[in-house]
Amino acid sequence: MKKRILLTGSNGFIGKNIISFLGNYFDFININRNSKFNINKIDTLLEINKIDCVIHCAAETFIPSSFDDPLKFYKFNLNSTLNILEYCRIKKVSKFIYLNTYPYGAPKYNPIDEVHSLDPHSPYTKSKLISENLVFNYLDKDFEPTSLRIFNPYGHGQSDRFLIPTIVNQATASNIVEVLDDKPKRDFLYIEDLINLIKIIISSEDATGIYNVGSGRSVSIGEICIQLQAILNKELTLVSKEKNRENEILDCYANIDKVSKKFDWIPKYDLSSGLRKYIDLLKKKTY
């Protein structure tokens, strides 16, 4: 019998990919803005029974918007987490996977491990970190929470507002890639590697803990463009507007030793193969 998974945020970037890649392995009960189950109304959640695991993806996520409307981010991200935790308490669901974001701020060292000091730099990251604290403190008896601090996931279905979709869209449409600032380097993780890790955790008997999840290396926008040139077989010109964001982090990447040892997991996709798979799926125009 398939395990029943309650998935919040099933219409989001990660949620859609979870269903796409794992839909044949598990029975998903989906919660999204269009479902009859409302993350903000716990009475609707309590209609759901016999759940083996909760994956909590639902969140307001776009960092720039969180500065313009912090109340929206705190209100949704905290309330949704509280409601799904209360659901777990009432329904006695013990296995819980929380998808968190990068909470470390400007790194004091690289690669960044889980004991690095925390310095969330936006209302979004602050709301996610507070939610993580709720996950590990709201319940204690017979509760097995896992938090994945995901660095920079990318892949098919991600909003065009994010960096790699922006670059890929420009590169496929023309020979010029224009960015605000080409200096920062980031740790990018292809979405399928993240989904494979989630699959392992669902079936793991002991997954409790906080884990950094990334590729384990940082890449520049210039490196992304070089890979795209090879994939698309065209010359690209990178143009930087040299608009530096306040408190910009110039380089960061994850120490993934803990998650690798715990779950025998390593990313299968490097930057080249991840971008190639992403572009192939874009051409097919699936979901």
# chains A, B, ... in the order shown; residues from 1 in each chain; ligands from 1

$ select_by_dssp --residues "range 114-286 of chain A" --states "alpha helix (DSSP H)" --output "PyMOL selection string"
chain A and resi 123-137+163-173+191-203+221-232+257-263+271-284

$ residues_around --residues "range 63-71 of chain A" --least-positions-apart "4" --cutoff "7 Å" --atoms "only C-alpha atoms" --output "VMD selection string"
chain A and resid 75 122 to 124

$ closest_residue --among "A:Lys36, A:His56, A:His156, A:Arg186" --to "Phe13 in chain A" --atoms "only C-alpha atoms"
A:His156

$ closest_residue --among "A:Ile266, A:Cys88, A:Leu45, A:Met1" --to "Ile200 in chain A" --atoms "only C-alpha atoms"
A:Ile266

$ closest_residue --among "A:Pro145, A:Pro103, A:Gly209, A:Pro111" --to "Lys128 in chain A" --atoms "only C-alpha atoms"
A:Pro103

$ closest_atom_pairs --of "range 95-207 of chain A" --to "range 219-225 of chain A" --cutoff "12 Å" --atoms "only C-alpha atoms" --output "JSON lines"
{"residue": "A:Asn152", "atom": "CA", "partner": "A:Val219", "partner_atom": "CA", "distance": 11.1}
{"residue": "A:Leu163", "atom": "CA", "partner": "A:Ile221", "partner_atom": "CA", "distance": 9.1}
{"residue": "A:Ile164", "atom": "CA", "partner": "A:Ile224", "partner_atom": "CA", "distance": 8.3}
{"residue": "A:Pro165", "atom": "CA", "partner": "A:Ile224", "partner_atom": "CA", "distance": 11.3}
{"residue": "A:Thr166", "atom": "CA", "partner": "A:Ile221", "partner_atom": "CA", "distance": 11.3}
{"residue": "A:Ile167", "atom": "CA", "partner": "A:Cys225", "partner_atom": "CA", "distance": 7.9}
{"residue": "A:Val168", "atom": "CA", "partner": "A:Cys225", "partner_atom": "CA", "distance": 8.7}
{"residue": "A:Asn169", "atom": "CA", "partner": "A:Cys225", "partner_atom": "CA", "distance": 11.7}
{"residue": "A:Gln170", "atom": "CA", "partner": "A:Cys225", "partner_atom": "CA", "distance": 10.4}
{"residue": "A:Ala171", "atom": "CA", "partner": "A:Cys225", "partner_atom": "CA", "distance": 8.0}
{"residue": "A:Thr172", "atom": "CA", "partner": "A:Cys225", "partner_atom": "CA", "distance": 11.1}
{"residue": "A:Asn175", "atom": "CA", "partner": "A:Cys225", "partner_atom": "CA", "distance": 10.5}
{"residue": "A:Ile176", "atom": "CA", "partner": "A:Cys225", "partner_atom": "CA", "distance": 10.0}
{"residue": "A:Val177", "atom": "CA", "partner": "A:Cys225", "partner_atom": "CA", "distance": 8.0}
{"residue": "A:Glu178", "atom": "CA", "partner": "A:Ile221", "partner_atom": "CA", "distance": 10.3}
{"residue": "A:Val179", "atom": "CA", "partner": "A:Ile221", "partner_atom": "CA", "distance": 8.7}
{"residue": "A:Leu180", "atom": "CA", "partner": "A:Ile221", "partner_atom": "CA", "distance": 10.8}
{"residue": "A:Asp181", "atom": "CA", "partner": "A:Ile221", "partner_atom": "CA", "distance": 8.8}
{"residue": "A:Asp182", "atom": "CA", "partner": "A:Ile221", "partner_atom": "CA", "distance": 5.7}
{"residue": "A:Lys183", "atom": "CA", "partner": "A:Ser220", "partner_atom": "CA", "distance": 7.0}
{"residue": "A:Pro184", "atom": "CA", "partner": "A:Ser220", "partner_atom": "CA", "distance": 6.4}
{"residue": "A:Lys185", "atom": "CA", "partner": "A:Ser220", "partner_atom": "CA", "distance": 4.4}
{"residue": "A:Arg186", "atom": "CA", "partner": "A:Val219", "partner_atom": "CA", "distance": 5.5}
{"residue": "A:Asp187", "atom": "CA", "partner": "A:Val219", "partner_atom": "CA", "distance": 6.4}
{"residue": "A:Phe188", "atom": "CA", "partner": "A:Val219", "partner_atom": "CA", "distance": 7.5}
{"residue": "A:Leu189", "atom": "CA", "partner": "A:Val219", "partner_atom": "CA", "distance": 10.8}

$ residues_around --residues "Asp193 in chain A" --least-positions-apart "4" --cutoff "12 Å" --atoms "only C-alpha atoms" --output "PyMOL selection string"
chain A and resi 14+17-18+21+150+152-155+188-189+197-200+213-215+260+265-271+273-274+277

$ write_last_selection --atoms "N, CA and C atoms" --output "PDB file, in the first residue's frame"
ATOM      1  N   ILE A  14       8.253  23.782  -6.102  1.00  0.00           N
ATOM      2  CA  ILE A  14       8.717  22.512  -5.553  1.00  0.00           C
ATOM      3  C   ILE A  14       7.568  21.513  -5.458  1.00  0.00           C
ATOM      4  N   ASN A  17       6.819  19.753  -8.702  1.00  0.00           N
ATOM      5  CA  ASN A  17       7.864  18.790  -9.049  1.00  0.00           C
ATOM      6  C   ASN A  17       7.802  17.546  -8.167  1.00  0.00           C
ATOM      7  N   ILE A  18       7.424  17.714  -6.908  1.00  0.00           N
ATOM      8  CA  ILE A  18       7.233  16.551  -6.040  1.00  0.00           C
ATOM      9  C   ILE A  18       6.170  15.630  -6.621  1.00  0.00           C
ATOM     10  N   PHE A  21       7.458  13.953 -10.033  1.00  0.00           N
ATOM     11  CA  PHE A  21       8.471  12.911  -9.909  1.00  0.00           C
ATOM     12  C   PHE A  21       8.070  11.769  -8.977  1.00  0.00           C
ATOM     13  N   ILE A 150      17.363  24.740   2.064  1.00  0.00           N
ATOM     14  CA  ILE A 150      17.685  24.609   0.644  1.00  0.00           C
ATOM     15  C   ILE A 150      18.314  25.906   0.149  1.00  0.00           C
ATOM     16  N   ASN A 152      19.679  27.204  -3.313  1.00  0.00           N
ATOM     17  CA  ASN A 152      19.090  27.859  -4.492  1.00  0.00           C
ATOM     18  C   ASN A 152      18.593  26.809  -5.475  1.00  0.00           C
ATOM     19  N   PRO A 153      17.400  26.292  -5.270  1.00  0.00           N
ATOM     20  CA  PRO A 153      16.875  25.289  -6.196  1.00  0.00           C
ATOM     21  C   PRO A 153      16.463  25.947  -7.509  1.00  0.00           C
ATOM     22  N   TYR A 154      16.574  25.193  -8.590  1.00  0.00           N
ATOM     23  CA  TYR A 154      16.109  25.694  -9.887  1.00  0.00           C
ATOM     24  C   TYR A 154      15.602  24.515 -10.700  1.00  0.00           C
ATOM     25  N   GLY A 155      14.808  24.828 -11.725  1.00  0.00           N
ATOM     26  CA  GLY A 155      14.296  23.776 -12.591  1.00  0.00           C
ATOM     27  C   GLY A 155      12.986  24.177 -13.208  1.00  0.00           C
ATOM     28  N   PHE A 188      23.657  26.471  -6.667  1.00  0.00           N
ATOM     29  CA  PHE A 188      22.412  26.124  -7.341  1.00  0.00           C
ATOM     30  C   PHE A 188      22.219  24.609  -7.337  1.00  0.00           C
ATOM     31  N   LEU A 189      21.009  24.186  -6.971  1.00  0.00           N
ATOM     32  CA  LEU A 189      20.673  22.766  -6.889  1.00  0.00           C
ATOM     33  C   LEU A 189      19.545  22.455  -7.863  1.00  0.00           C
ATOM     34  N   LEU A 197      16.068  13.462  -2.768  1.00  0.00           N
ATOM     35  CA  LEU A 197      16.341  13.483  -1.328  1.00  0.00           C
ATOM     36  C   LEU A 197      15.040  13.362  -0.533  1.00  0.00           C
ATOM     37  N   ILE A 198      14.025  14.088  -0.937  1.00  0.00           N
ATOM     38  CA  ILE A 198      12.734  14.020  -0.245  1.00  0.00           C
ATOM     39  C   ILE A 198      12.176  12.607  -0.281  1.00  0.00           C
ATOM     40  N   LYS A 199      12.317  11.943  -1.403  1.00  0.00           N
ATOM     41  CA  LYS A 199      11.853  10.551  -1.518  1.00  0.00           C
ATOM     42  C   LYS A 199      12.558   9.659  -0.502  1.00  0.00           C
ATOM     43  N   ILE A 200      13.864   9.841  -0.369  1.00  0.00           N
ATOM     44  CA  ILE A 200      14.632   9.045   0.597  1.00  0.00           C
ATOM     45  C   ILE A 200      14.154   9.317   2.019  1.00  0.00           C
ATOM     46  N   VAL A 213      21.000  21.744   2.203  1.00  0.00           N
ATOM     47  CA  VAL A 213      20.828  21.026   0.941  1.00  0.00           C
ATOM     48  C   VAL A 213      21.236  21.943  -0.205  1.00  0.00           C
ATOM     49  N   GLY A 214      22.269  21.552  -0.910  1.00  0.00           N
ATOM     50  CA  GLY A 214      22.743  22.301  -2.062  1.00  0.00           C
ATOM     51  C   GLY A 214      23.592  21.386  -2.918  1.00  0.00           C
ATOM     52  N   SER A 215      24.299  21.991  -3.862  1.00  0.00           N
ATOM     53  CA  SER A 215      25.190  21.205  -4.714  1.00  0.00           C
ATOM     54  C   SER A 215      26.565  21.036  -4.077  1.00  0.00           C
ATOM     55  N   SER A 260      24.461  14.201   3.292  1.00  0.00           N
ATOM     56  CA  SER A 260      24.999  13.120   2.458  1.00  0.00           C
ATOM     57  C   SER A 260      25.247  11.859   3.277  1.00  0.00           C
ATOM     58  N   TRP A 265      23.063  10.383   0.190  1.00  0.00           N
ATOM     59  CA  TRP A 265      22.573  11.185  -0.943  1.00  0.00           C
ATOM     60  C   TRP A 265      23.656  12.138  -1.409  1.00  0.00           C
ATOM     61  N   ILE A 266      23.847  12.207  -2.703  1.00  0.00           N
ATOM     62  CA  ILE A 266      24.669  13.248  -3.304  1.00  0.00           C
ATOM     63  C   ILE A 266      23.960  13.711  -4.571  1.00  0.00           C
ATOM     64  N   PRO A 267      24.108  14.993  -4.940  1.00  0.00           N
ATOM     65  CA  PRO A 267      23.459  15.479  -6.165  1.00  0.00           C
ATOM     66  C   PRO A 267      23.994  14.730  -7.391  1.00  0.00           C
ATOM     67  N   LYS A 268      23.095  14.361  -8.280  1.00  0.00           N
ATOM     68  CA  LYS A 268      23.473  13.665  -9.510  1.00  0.00           C
ATOM     69  C   LYS A 268      23.715  14.638 -10.664  1.00  0.00           C
ATOM     70  N   TYR A 269      23.139  15.829 -10.557  1.00  0.00           N
ATOM     71  CA  TYR A 269      23.217  16.801 -11.642  1.00  0.00           C
ATOM     72  C   TYR A 269      24.253  17.871 -11.331  1.00  0.00           C
ATOM     73  N   ASP A 270      25.217  18.063 -12.230  1.00  0.00           N
ATOM     74  CA  ASP A 270      26.066  19.241 -12.126  1.00  0.00           C
ATOM     75  C   ASP A 270      25.375  20.383 -12.873  1.00  0.00           C
ATOM     76  N   LEU A 271      26.013  21.547 -12.943  1.00  0.00           N
ATOM     77  CA  LEU A 271      25.367  22.703 -13.558  1.00  0.00           C
ATOM     78  C   LEU A 271      25.000  22.426 -15.013  1.00  0.00           C
ATOM     79  N   SER A 273      24.474  19.499 -16.699  1.00  0.00           N
ATOM     80  CA  SER A 273      23.406  18.523 -16.914  1.00  0.00           C
ATOM     81  C   SER A 273      22.073  19.024 -16.370  1.00  0.00           C
ATOM     82  N   GLY A 274      22.102  19.807 -15.296  1.00  0.00           N
ATOM     83  CA  GLY A 274      20.869  20.372 -14.763  1.00  0.00           C
ATOM     84  C   GLY A 274      20.259  21.391 -15.708  1.00  0.00           C
ATOM     85  N   LYS A 277      18.794  19.561 -18.773  1.00  0.00           N
ATOM     86  CA  LYS A 277      17.500  18.920 -18.479  1.00  0.00           C
ATOM     87  C   LYS A 277      16.400  19.975 -18.363  1.00  0.00           C
TER      88      LYS A 277
END

$ closest_residue --among "A:Asp27, A:Glu114, A:Asp257, A:Asp52" --to "Ile202 in chain A" --atoms "only C-alpha atoms"
A:Asp52

$ select_by_dssp --residues "range 66-266 of chain A" --states "strand (DSSP E or B)" --output "PyMOL selection string"
chain A and resi 95-101+112+144-150+152-154+176-179+185-186+188-190+209-213+219-220+237-240+251+254

$ write_last_selection --atoms "C-alpha atoms" --output "compact mmCIF listing (two decimals), in the first residue's frame"
# COMPACT_ATOMS: atom_id res chain seq x y z
CA LYS A 95 6.69 12.38 10.20
CA PHE A 96 7.05 15.99 9.05
CA ILE A 97 9.29 17.47 6.33
CA TYR A 98 9.69 21.23 6.35
CA LEU A 99 11.20 22.99 3.37
CA ASN A 100 13.21 25.92 4.63
CA THR A 101 15.48 28.40 2.87
CA ILE A 112 28.45 26.72 5.26
CA GLU A 144 9.93 13.48 13.92
CA PRO A 145 10.56 16.79 12.12
CA THR A 146 13.03 17.25 9.30
CA SER A 147 14.02 20.70 8.06
CA LEU A 148 15.81 21.11 4.75
CA ARG A 149 17.66 24.42 4.43
CA ILE A 150 17.69 24.61 0.64
CA ASN A 152 19.09 27.86 -4.49
CA PRO A 153 16.88 25.29 -6.20
CA TYR A 154 16.11 25.69 -9.89
CA ILE A 176 22.27 39.08 -24.86
CA VAL A 177 21.88 38.22 -21.17
CA GLU A 178 21.34 41.27 -18.97
CA VAL A 179 21.54 41.09 -15.18
CA LYS A 185 28.11 33.48 -6.81
CA ARG A 186 25.52 31.01 -5.57
CA PHE A 188 22.41 26.12 -7.34
CA LEU A 189 20.67 22.77 -6.89
CA TYR A 190 18.71 21.13 -9.69
CA GLY A 209 17.20 17.06 12.18
CA ILE A 210 18.22 20.14 10.24
CA TYR A 211 20.13 19.66 7.01
CA ASN A 212 21.74 22.01 4.49
CA VAL A 213 20.83 21.03 0.94
CA VAL A 219 28.90 29.23 -9.55
CA SER A 220 28.90 32.69 -11.10
CA THR A 237 27.01 38.51 -24.38
CA LEU A 238 26.67 39.07 -20.65
CA VAL A 239 25.73 42.64 -19.68
CA SER A 240 25.78 43.70 -16.02
CA ASP A 251 29.72 34.03 -2.44
CA ALA A 254 26.62 24.57 1.31

$ atom_distance --atom1 "CA of Thr81 in chain A" --atom2 "CA of Ala58 in chain A"
8.5 Å

$ residues_around --residues "Ala106 in chain A" --least-positions-apart "6" --cutoff "12 Å" --atoms "only C-alpha atoms" --output "PyMOL selection string"
chain A and resi 112+116-121+184+246-253

$ residues_around --residues "Cys53 in chain A" --least-positions-apart "2" --cutoff "7 Å" --atoms "only C-alpha atoms" --output "compact mmCIF listing (two decimals) with N, CA and C atoms, in the first residue's frame"
# COMPACT_ATOMS: atom_id res chain seq x y z
N ARG A 4 0.46 7.63 2.32
CA ARG A 4 -0.36 8.82 2.05
C ARG A 4 0.40 10.06 2.54
N ILE A 5 0.65 10.97 1.62
CA ILE A 5 1.43 12.17 1.92
C ILE A 5 0.55 13.39 1.79
N LEU A 6 0.49 14.18 2.85
CA LEU A 6 -0.20 15.47 2.78
C LEU A 6 0.83 16.50 2.34
N ILE A 51 -2.88 9.98 7.37
CA ILE A 51 -1.71 10.54 6.70
C ILE A 51 -0.44 9.95 7.33
N ILE A 55 4.49 17.00 4.08
CA ILE A 55 5.54 17.82 3.46
C ILE A 55 5.01 19.24 3.38
N VAL A 93 0.13 12.67 13.45
CA VAL A 93 1.06 12.44 12.35
C VAL A 93 2.46 12.75 12.88
N LYS A 95 5.63 12.07 11.18
CA LYS A 95 6.69 12.38 10.20
C LYS A 95 6.36 13.70 9.49
N PHE A 96 7.31 14.63 9.54
CA PHE A 96 7.05 15.99 9.05
C PHE A 96 8.31 16.51 8.35

$ atom_distance --atom1 "CA of Ser94 in chain A" --atom2 "CA of Asn34 in chain A"
26.4 Å
